Amino acid sequence: MNTPIVPASSMGLDYSREDGTPTWAALEDAVGELEGGHATAFASGIATVSAVLDLLPVGAVIAVPTDSYTGTRAVFDHHEHAGRGRILRVSPDDTEAWSAAEADLLWLESPTNPSLHFIDIAAITAAVAAREGAPLVVVDNTFATPIGQHPLSLGADIVVHSATKFIGGHSDLLLGLTVTAEPALAARLRDARTRGGATPGALEAWLALRGLRTLPLRYAESSRTAALLTARLRAHPAVGHVRYPGSGAMIAFELPDADAADRLCSALRLIRHATSLGGVDSTIERRAARAGESHVPGGLLRFSVGLEDPEDLWRDLADALDAVGDTAARDTAETIP
Ligand SMILES: *Cc1c(COP(=O)(O)O)cnc(C)c1O
């Protein structure tokens, strides 16, 4: 019933960094089937960004969203500052700008972390496909998960995941995956892993596989709870703008300022004031407090809805909002554009 955890670094003449292990292969088969392509497992989500960059020649132009995971932005910033390529920064919802971008690679993250903006993947892939020298289109599907969105069927060339988040689902591992339907690209990504050496751990691959088994159930339950909490947050006088994609576990909402948001985080008792997301325990974080997130509104809270009882979560939020006080946020909050 269960794939064994295979810790071997060599199996006869096979060497794991090059040839993989049965545990990695089981995870890759499962995620590949879910996304509709060939998957390669890496040590972390960020390792997949490095592997994708490894596909490009020096000097290649990469278009990236103005809002995206901070670690991903750090990789692209470093790439640019080190003189390895040019980075174009595009507003997530500016479909025209994405479609017209003179770039070798489009890095689409949708919905974006932390502000939950959408990128119209299908419109952009349709627009660029006709072009000569069409850019490679990569989608970070971490927030939507393979349950919420299939970027390859929307025309993307490569999907990447931080399986650290929803695929793992229990805040107990770091792992990343790339998936592509093009065998030549899959081989190049695997080569990038062999050369780069960012291989997943045996236990991590096994835990990710175990997490994957309950992903549809966790996704459905968190979506139900998140929809309920979104409706109540929208109706609450102390809460400003609320963004929720309509399904999935992520909510972004705003309090009037950083101070109010910090006070809310301190007042919560069930929802953990912690970084990261996608686990069975609900977590909340004021992202602007972190280095590299100065573009995020000061009062914005990124809320990852777990599997706790929905009414317990609401009581925790409502009590903490009371503690922060009704500050007529609707009129004063910076709004997410
Ligand atoms: C966390 C995250 C990553 C990075 O993944 P790690 O597993 O932390 O390396 C990439 N993209 C998104 C959207 C993320 O949330």
# chains A, B, ... in the order shown; residues from 1 in each chain; ligands from 1
>>> residues_around(residues="Thr125 (chain A)", least_positions_apart="3", cutoff="8 Å", atoms="only C-alpha atoms", output="list in words")
Ser99, Ile121, Ala122, Val128, Ala129, Val137, Leu154, Gly155 and Ala156 of chain A
>>> write_last_selection(atoms="N, CA and C atoms", output="CSV table (one decimal), in the first residue's frame")
chain,number,residue,atom,x,y,z
A,99,SER,N,1.5,39.8,-22.6
A,99,SER,CA,1.4,39.3,-24.0
A,99,SER,C,2.4,39.9,-24.9
A,121,ILE,N,-3.6,33.3,-17.4
A,121,ILE,CA,-2.7,32.4,-18.0
A,121,ILE,C,-3.1,32.0,-19.4
A,122,ALA,N,-4.4,31.6,-19.6
A,122,ALA,CA,-4.9,31.2,-20.9
A,122,ALA,C,-4.8,32.3,-22.0
A,128,VAL,N,0.9,34.7,-26.9
A,128,VAL,CA,2.3,34.5,-27.2
A,128,VAL,C,2.6,33.3,-28.2
A,129,ALA,N,1.7,32.3,-28.2
A,129,ALA,CA,1.9,31.1,-28.9
A,129,ALA,C,2.1,31.4,-30.4
A,137,VAL,N,6.7,29.7,-21.1
A,137,VAL,CA,5.8,30.2,-20.0
A,137,VAL,C,5.8,29.2,-18.9
A,154,LEU,N,-3.7,25.0,-19.8
A,154,LEU,CA,-4.0,26.4,-20.2
A,154,LEU,C,-2.9,27.0,-21.1
A,155,GLY,N,-2.0,26.1,-21.5
A,155,GLY,CA,-1.0,26.4,-22.5
A,155,GLY,C,0.4,26.7,-21.9
A,156,ALA,N,0.6,26.6,-20.6
A,156,ALA,CA,1.9,26.8,-20.0
A,156,ALA,C,2.9,25.7,-20.4
>>> closest_atom_pairs(of="chain A", to="ligand 1", cutoff="6 Å", atoms="only C-alpha atoms and all ligand atoms", output="Markdown table")
| residue | atom | partner | partner_atom_place_in_ligand_line | distance |
| --- | --- | --- | --- | --- |
| A:Ser44 | CA | ligand 1 | 7 (O) | 4.1 |
| A:Gly45 | CA | ligand 1 | 5 (O) | 3.3 |
| A:Ile46 | CA | ligand 1 | 9 (O) | 3.8 |
| A:Tyr69 | CA | ligand 1 | 12 (C) | 5.0 |
| A:Asn113 | CA | ligand 1 | 13 (C) | 5.4 |
| A:Thr142 | CA | ligand 1 | 13 (C) | 5.0 |
| A:Ser162 | CA | ligand 1 | 5 (O) | 4.2 |
| A:Thr164 | CA | ligand 1 | 7 (O) | 4.7 |
| A:Leu174 | CA | ligand 1 | 7 (O) | 5.1 |
| A:Leu175 | CA | ligand 1 | 7 (O) | 5.3 |
| A:Gly176 | CA | ligand 1 | 7 (O) | 5.7 |
>>> write_last_selection(atoms="N, CA and C atoms", output="PDB file, in the first residue's frame")
ATOM      1  N   SER A  44      13.435  21.966  -2.756  1.00  0.00           N
ATOM      2  CA  SER A  44      12.529  23.000  -2.253  1.00  0.00           C
ATOM      3  C   SER A  44      11.850  23.662  -3.445  1.00  0.00           C
ATOM      4  N   GLY A  45      10.866  24.498  -3.153  1.00  0.00           N
ATOM      5  CA  GLY A  45      10.220  25.260  -4.220  1.00  0.00           C
ATOM      6  C   GLY A  45      11.222  26.181  -4.905  1.00  0.00           C
ATOM      7  N   ILE A  46      12.070  26.807  -4.106  1.00  0.00           N
ATOM      8  CA  ILE A  46      13.048  27.749  -4.677  1.00  0.00           C
ATOM      9  C   ILE A  46      14.046  27.031  -5.583  1.00  0.00           C
ATOM     10  N   TYR A  69       5.970  35.537  -4.661  1.00  0.00           N
ATOM     11  CA  TYR A  69       6.643  35.048  -3.457  1.00  0.00           C
ATOM     12  C   TYR A  69       7.995  35.751  -3.277  1.00  0.00           C
ATOM     13  N   ASN A 113       1.358  35.403  -4.345  1.00  0.00           N
ATOM     14  CA  ASN A 113       1.660  35.408  -2.921  1.00  0.00           C
ATOM     15  C   ASN A 113       2.362  36.732  -2.602  1.00  0.00           C
ATOM     16  N   THR A 142       1.586  27.002  -6.835  1.00  0.00           N
ATOM     17  CA  THR A 142       1.580  26.639  -5.412  1.00  0.00           C
ATOM     18  C   THR A 142       0.254  26.975  -4.730  1.00  0.00           C
ATOM     19  N   SER A 162       5.803  24.722  -4.865  1.00  0.00           N
ATOM     20  CA  SER A 162       6.418  24.527  -3.568  1.00  0.00           C
ATOM     21  C   SER A 162       5.534  23.518  -2.859  1.00  0.00           C
ATOM     22  N   THR A 164       6.170  22.226  -0.245  1.00  0.00           N
ATOM     23  CA  THR A 164       6.269  22.606   1.163  1.00  0.00           C
ATOM     24  C   THR A 164       4.904  23.061   1.694  1.00  0.00           C
ATOM     25  N   LEU A 174      10.254  20.422   3.308  1.00  0.00           N
ATOM     26  CA  LEU A 174      10.565  21.342   2.209  1.00  0.00           C
ATOM     27  C   LEU A 174      10.737  20.489   0.965  1.00  0.00           C
ATOM     28  N   LEU A 175      10.037  20.862  -0.117  1.00  0.00           N
ATOM     29  CA  LEU A 175      10.166  20.099  -1.363  1.00  0.00           C
ATOM     30  C   LEU A 175       9.570  20.910  -2.507  1.00  0.00           C
ATOM     31  N   GLY A 176      10.122  20.771  -3.696  1.00  0.00           N
ATOM     32  CA  GLY A 176       9.592  21.445  -4.872  1.00  0.00           C
ATOM     33  C   GLY A 176       9.416  20.474  -6.009  1.00  0.00           C
TER      34      GLY A 176
END
>>> residues_around(residues="Pro22 (chain A)", least_positions_apart="3", cutoff="7 Å", atoms="only C-alpha atoms", output="ChimeraX atom specification")
/A:6,25-26
>>> write_last_selection(atoms="all heavy atoms", output="PDB file, in the first residue's frame")
ATOM      1  N   VAL A   6      13.134   5.081   0.614  1.00  0.00           N
ATOM      2  CA  VAL A   6      14.400   4.490   0.166  1.00  0.00           C
ATOM      3  C   VAL A   6      15.519   5.517   0.367  1.00  0.00           C
ATOM      4  O   VAL A   6      15.597   6.500  -0.359  1.00  0.00           O
ATOM      5  CB  VAL A   6      14.321   4.082  -1.323  1.00  0.00           C
ATOM      6  CG1 VAL A   6      15.648   3.497  -1.778  1.00  0.00           C
ATOM      7  CG2 VAL A   6      13.193   3.074  -1.534  1.00  0.00           C
ATOM      8  N   ALA A  25      10.391   8.748  -7.398  1.00  0.00           N
ATOM      9  CA  ALA A  25       9.662   8.376  -8.619  1.00  0.00           C
ATOM     10  C   ALA A  25       8.161   8.243  -8.337  1.00  0.00           C
ATOM     11  O   ALA A  25       7.328   8.657  -9.157  1.00  0.00           O
ATOM     12  CB  ALA A  25      10.214   7.078  -9.192  1.00  0.00           C
ATOM     13  N   ALA A  26       7.814   7.700  -7.174  1.00  0.00           N
ATOM     14  CA  ALA A  26       6.393   7.538  -6.847  1.00  0.00           C
ATOM     15  C   ALA A  26       5.720   8.907  -6.728  1.00  0.00           C
ATOM     16  O   ALA A  26       4.600   9.121  -7.206  1.00  0.00           O
ATOM     17  CB  ALA A  26       6.244   6.752  -5.544  1.00  0.00           C
TER      18      ALA A  26
END
>>> closest_atom_pairs(of="region 237-300 of chain A", to="region 210-233 of chain A", cutoff="10 Å", atoms="only C-alpha atoms", output="tab-separated table")
residue	atom	partner	partner_atom	distance
A:Pro237	CA	A:Leu233	CA	8.4
A:Ala238	CA	A:Leu233	CA	8.6
A:Val239	CA	A:Leu233	CA	6.3
A:Gly240	CA	A:Leu233	CA	8.6
A:His241	CA	A:Leu233	CA	9.1
A:Val242	CA	A:Thr230	CA	7.0
A:Arg243	CA	A:Thr230	CA	8.0
A:Tyr244	CA	A:Thr230	CA	6.9
A:Pro245	CA	A:Ala227	CA	9.3
A:Gly246	CA	A:Ala227	CA	7.0
A:Ser247	CA	A:Ser223	CA	5.1
A:Gly248	CA	A:Ser223	CA	4.6
A:Ala249	CA	A:Ser222	CA	5.1
A:Met250	CA	A:Ala226	CA	7.3
A:Ile251	CA	A:Ala226	CA	7.1
A:Ala252	CA	A:Thr230	CA	9.2
A:Phe253	CA	A:Leu233	CA	8.1
A:Glu254	CA	A:Leu233	CA	9.9
A:Gly278	CA	A:Tyr219	CA	9.4
A:Gly279	CA	A:Arg218	CA	9.1
A:Val280	CA	A:Arg218	CA	7.7
A:Ser282	CA	A:Ser222	CA	9.5
>>> atom_distance(atom1="CA of Leu203 (chain A)", atom2="CA of Glu33 (chain A)")
21.3 Å
>>> residues_around(residues="Asp67 (chain A)", least_positions_apart="6", cutoff="9 Å", atoms="only C-alpha atoms", output="list of chain:residue names")
A:Arg73, A:Val90, A:Ser91, A:Pro92, A:Glu109, A:Thr112, A:Asn113, A:Pro114, A:Ser115, A:Leu116, A:His117, A:His295, A:Val296
>>> atom_distance(atom1="CA of Asp322 (chain A)", atom2="CA of Ser304 (chain A)")
20.8 Å
>>> select_by_dssp(residues="region 96-317 of chain A", states="helix (DSSP H, G or I)", output="VMD selection string")
chain A and resid 96 to 100 121 to 129 145 to 148 151 to 154 183 to 196 202 to 235 258 to 267 287 to 289 310 to 317
>>> select_by_dssp(residues="region 26-245 of chain A", states="strand (DSSP E)", output="ChimeraX atom specification")
/A:38-42,61-65,86-90,105-109,136-140,158-162,176-180,242-243
>>> closest_residue(among="A:Pro256, A:Pro4, A:Gly59, A:Gly299", to="Ala202 (chain A)", atoms="only C-alpha atoms")
A:Pro4
>>> decode(residues="region 243-271 of chain A", atoms="N, CA, C and O atoms", output="PDB file, in the first residue's frame")
ATOM      1  N   ARG A 243      -9.532  39.961  -0.130  1.00  0.00           N
ATOM      2  CA  ARG A 243      -9.399  39.262  -1.422  1.00  0.00           C
ATOM      3  C   ARG A 243      -9.441  37.757  -1.185  1.00  0.00           C
ATOM      4  O   ARG A 243      -8.703  37.229  -0.346  1.00  0.00           O
ATOM      5  N   TYR A 244     -10.311  37.070  -1.940  1.00  0.00           N
ATOM      6  CA  TYR A 244     -10.396  35.613  -1.870  1.00  0.00           C
ATOM      7  C   TYR A 244     -10.653  35.101  -3.283  1.00  0.00           C
ATOM      8  O   TYR A 244     -11.577  35.560  -3.951  1.00  0.00           O
ATOM      9  N   PRO A 245      -9.844  34.158  -3.768  1.00  0.00           N
ATOM     10  CA  PRO A 245      -9.976  33.712  -5.164  1.00  0.00           C
ATOM     11  C   PRO A 245     -11.261  32.943  -5.482  1.00  0.00           C
ATOM     12  O   PRO A 245     -11.487  32.607  -6.623  1.00  0.00           O
ATOM     13  N   GLY A 246     -12.071  32.595  -4.482  1.00  0.00           N
ATOM     14  CA  GLY A 246     -13.305  31.861  -4.772  1.00  0.00           C
ATOM     15  C   GLY A 246     -13.194  30.394  -4.439  1.00  0.00           C
ATOM     16  O   GLY A 246     -14.189  29.724  -4.190  1.00  0.00           O
ATOM     17  N   SER A 247     -11.967  29.858  -4.468  1.00  0.00           N
ATOM     18  CA  SER A 247     -11.719  28.532  -3.906  1.00  0.00           C
ATOM     19  C   SER A 247     -10.287  28.509  -3.411  1.00  0.00           C
ATOM     20  O   SER A 247      -9.507  29.405  -3.712  1.00  0.00           O
ATOM     21  N   GLY A 248      -9.949  27.507  -2.610  1.00  0.00           N
ATOM     22  CA  GLY A 248      -8.626  27.446  -2.021  1.00  0.00           C
ATOM     23  C   GLY A 248      -8.628  28.003  -0.615  1.00  0.00           C
ATOM     24  O   GLY A 248      -9.667  28.437  -0.100  1.00  0.00           O
ATOM     25  N   ALA A 249      -7.442  27.947   0.008  1.00  0.00           N
ATOM     26  CA  ALA A 249      -7.333  28.210   1.441  1.00  0.00           C
ATOM     27  C   ALA A 249      -6.798  29.600   1.760  1.00  0.00           C
ATOM     28  O   ALA A 249      -6.696  29.954   2.933  1.00  0.00           O
ATOM     29  N   MET A 250      -6.406  30.384   0.753  1.00  0.00           N
ATOM     30  CA  MET A 250      -5.729  31.652   1.025  1.00  0.00           C
ATOM     31  C   MET A 250      -6.676  32.849   0.971  1.00  0.00           C
ATOM     32  O   MET A 250      -7.440  33.002   0.024  1.00  0.00           O
ATOM     33  N   ILE A 251      -6.581  33.688   1.991  1.00  0.00           N
ATOM     34  CA  ILE A 251      -7.326  34.949   2.052  1.00  0.00           C
ATOM     35  C   ILE A 251      -6.310  36.059   2.328  1.00  0.00           C
ATOM     36  O   ILE A 251      -5.372  35.856   3.098  1.00  0.00           O
ATOM     37  N   ALA A 252      -6.489  37.217   1.672  1.00  0.00           N
ATOM     38  CA  ALA A 252      -5.715  38.413   2.038  1.00  0.00           C
ATOM     39  C   ALA A 252      -6.713  39.473   2.473  1.00  0.00           C
ATOM     40  O   ALA A 252      -7.679  39.732   1.755  1.00  0.00           O
ATOM     41  N   PHE A 253      -6.515  40.030   3.656  1.00  0.00           N
ATOM     42  CA  PHE A 253      -7.406  41.114   4.078  1.00  0.00           C
ATOM     43  C   PHE A 253      -6.612  42.217   4.754  1.00  0.00           C
ATOM     44  O   PHE A 253      -5.489  42.006   5.203  1.00  0.00           O
ATOM     45  N   GLU A 254      -7.230  43.401   4.774  1.00  0.00           N
ATOM     46  CA  GLU A 254      -6.492  44.559   5.256  1.00  0.00           C
ATOM     47  C   GLU A 254      -7.127  45.190   6.473  1.00  0.00           C
ATOM     48  O   GLU A 254      -8.339  45.349   6.549  1.00  0.00           O
ATOM     49  N   LEU A 255      -6.268  45.567   7.404  1.00  0.00           N
ATOM     50  CA  LEU A 255      -6.647  46.437   8.506  1.00  0.00           C
ATOM     51  C   LEU A 255      -6.068  47.816   8.185  1.00  0.00           C
ATOM     52  O   LEU A 255      -5.265  47.951   7.266  1.00  0.00           O
ATOM     53  N   PRO A 256      -6.520  48.856   8.910  1.00  0.00           N
ATOM     54  CA  PRO A 256      -6.160  50.216   8.500  1.00  0.00           C
ATOM     55  C   PRO A 256      -4.664  50.458   8.394  1.00  0.00           C
ATOM     56  O   PRO A 256      -4.219  51.235   7.555  1.00  0.00           O
ATOM     57  N   ASP A 257      -3.885  49.846   9.263  1.00  0.00           N
ATOM     58  CA  ASP A 257      -2.444  50.114   9.218  1.00  0.00           C
ATOM     59  C   ASP A 257      -1.672  48.945   9.844  1.00  0.00           C
ATOM     60  O   ASP A 257      -2.267  47.998  10.367  1.00  0.00           O
ATOM     61  N   ALA A 258      -0.355  49.064   9.780  1.00  0.00           N
ATOM     62  CA  ALA A 258       0.521  47.996  10.277  1.00  0.00           C
ATOM     63  C   ALA A 258       0.287  47.733  11.760  1.00  0.00           C
ATOM     64  O   ALA A 258       0.273  46.584  12.203  1.00  0.00           O
ATOM     65  N   ASP A 259       0.057  48.810  12.504  1.00  0.00           N
ATOM     66  CA  ASP A 259      -0.103  48.667  13.948  1.00  0.00           C
ATOM     67  C   ASP A 259      -1.342  47.833  14.273  1.00  0.00           C
ATOM     68  O   ASP A 259      -1.290  46.920  15.103  1.00  0.00           O
ATOM     69  N   ALA A 260      -2.455  48.135  13.608  1.00  0.00           N
ATOM     70  CA  ALA A 260      -3.689  47.371  13.852  1.00  0.00           C
ATOM     71  C   ALA A 260      -3.485  45.903  13.462  1.00  0.00           C
ATOM     72  O   ALA A 260      -3.921  44.986  14.174  1.00  0.00           O
ATOM     73  N   ALA A 261      -2.797  45.685  12.339  1.00  0.00           N
ATOM     74  CA  ALA A 261      -2.569  44.301  11.883  1.00  0.00           C
ATOM     75  C   ALA A 261      -1.675  43.543  12.861  1.00  0.00           C
ATOM     76  O   ALA A 261      -1.924  42.372  13.171  1.00  0.00           O
ATOM     77  N   ASP A 262      -0.651  44.224  13.379  1.00  0.00           N
ATOM     78  CA  ASP A 262       0.223  43.584  14.373  1.00  0.00           C
ATOM     79  C   ASP A 262      -0.555  43.246  15.640  1.00  0.00           C
ATOM     80  O   ASP A 262      -0.360  42.175  16.238  1.00  0.00           O
ATOM     81  N   ARG A 263      -1.451  44.178  16.042  1.00  0.00           N
ATOM     82  CA  ARG A 263      -2.226  43.930  17.257  1.00  0.00           C
ATOM     83  C   ARG A 263      -3.166  42.745  17.062  1.00  0.00           C
ATOM     84  O   ARG A 263      -3.368  41.942  17.968  1.00  0.00           O
ATOM     85  N   LEU A 264      -3.736  42.618  15.846  1.00  0.00           N
ATOM     86  CA  LEU A 264      -4.607  41.468  15.577  1.00  0.00           C
ATOM     87  C   LEU A 264      -3.809  40.163  15.709  1.00  0.00           C
ATOM     88  O   LEU A 264      -4.256  39.213  16.361  1.00  0.00           O
ATOM     89  N   CYS A 265      -2.627  40.135  15.111  1.00  0.00           N
ATOM     90  CA  CYS A 265      -1.798  38.921  15.168  1.00  0.00           C
ATOM     91  C   CYS A 265      -1.488  38.534  16.611  1.00  0.00           C
ATOM     92  O   CYS A 265      -1.497  37.349  16.964  1.00  0.00           O
ATOM     93  N   SER A 266      -1.232  39.534  17.450  1.00  0.00           N
ATOM     94  CA  SER A 266      -0.905  39.243  18.854  1.00  0.00           C
ATOM     95  C   SER A 266      -2.133  38.776  19.623  1.00  0.00           C
ATOM     96  O   SER A 266      -2.005  38.014  20.590  1.00  0.00           O
ATOM     97  N   ALA A 267      -3.324  39.237  19.226  1.00  0.00           N
ATOM     98  CA  ALA A 267      -4.544  38.917  19.981  1.00  0.00           C
ATOM     99  C   ALA A 267      -5.094  37.534  19.624  1.00  0.00           C
ATOM    100  O   ALA A 267      -5.873  36.963  20.385  1.00  0.00           O
ATOM    101  N   LEU A 268      -4.705  36.989  18.474  1.00  0.00           N
ATOM    102  CA  LEU A 268      -5.241  35.681  18.060  1.00  0.00           C
ATOM    103  C   LEU A 268      -4.707  34.580  18.972  1.00  0.00           C
ATOM    104  O   LEU A 268      -3.570  34.629  19.429  1.00  0.00           O
ATOM    105  N   ARG A 269      -5.555  33.589  19.244  1.00  0.00           N
ATOM    106  CA  ARG A 269      -5.122  32.515  20.139  1.00  0.00           C
ATOM    107  C   ARG A 269      -5.092  31.153  19.443  1.00  0.00           C
ATOM    108  O   ARG A 269      -4.282  30.300  19.744  1.00  0.00           O
ATOM    109  N   LEU A 270      -6.022  30.930  18.513  1.00  0.00           N
ATOM    110  CA  LEU A 270      -6.068  29.651  17.793  1.00  0.00           C
ATOM    111  C   LEU A 270      -5.272  29.732  16.485  1.00  0.00           C
ATOM    112  O   LEU A 270      -4.491  28.836  16.160  1.00  0.00           O
ATOM    113  N   ILE A 271      -5.502  30.818  15.755  1.00  0.00           N
ATOM    114  CA  ILE A 271      -4.782  31.012  14.484  1.00  0.00           C
ATOM    115  C   ILE A 271      -3.351  31.416  14.820  1.00  0.00           C
ATOM    116  O   ILE A 271      -3.129  32.368  15.564  1.00  0.00           O
TER     117      ILE A 271
END
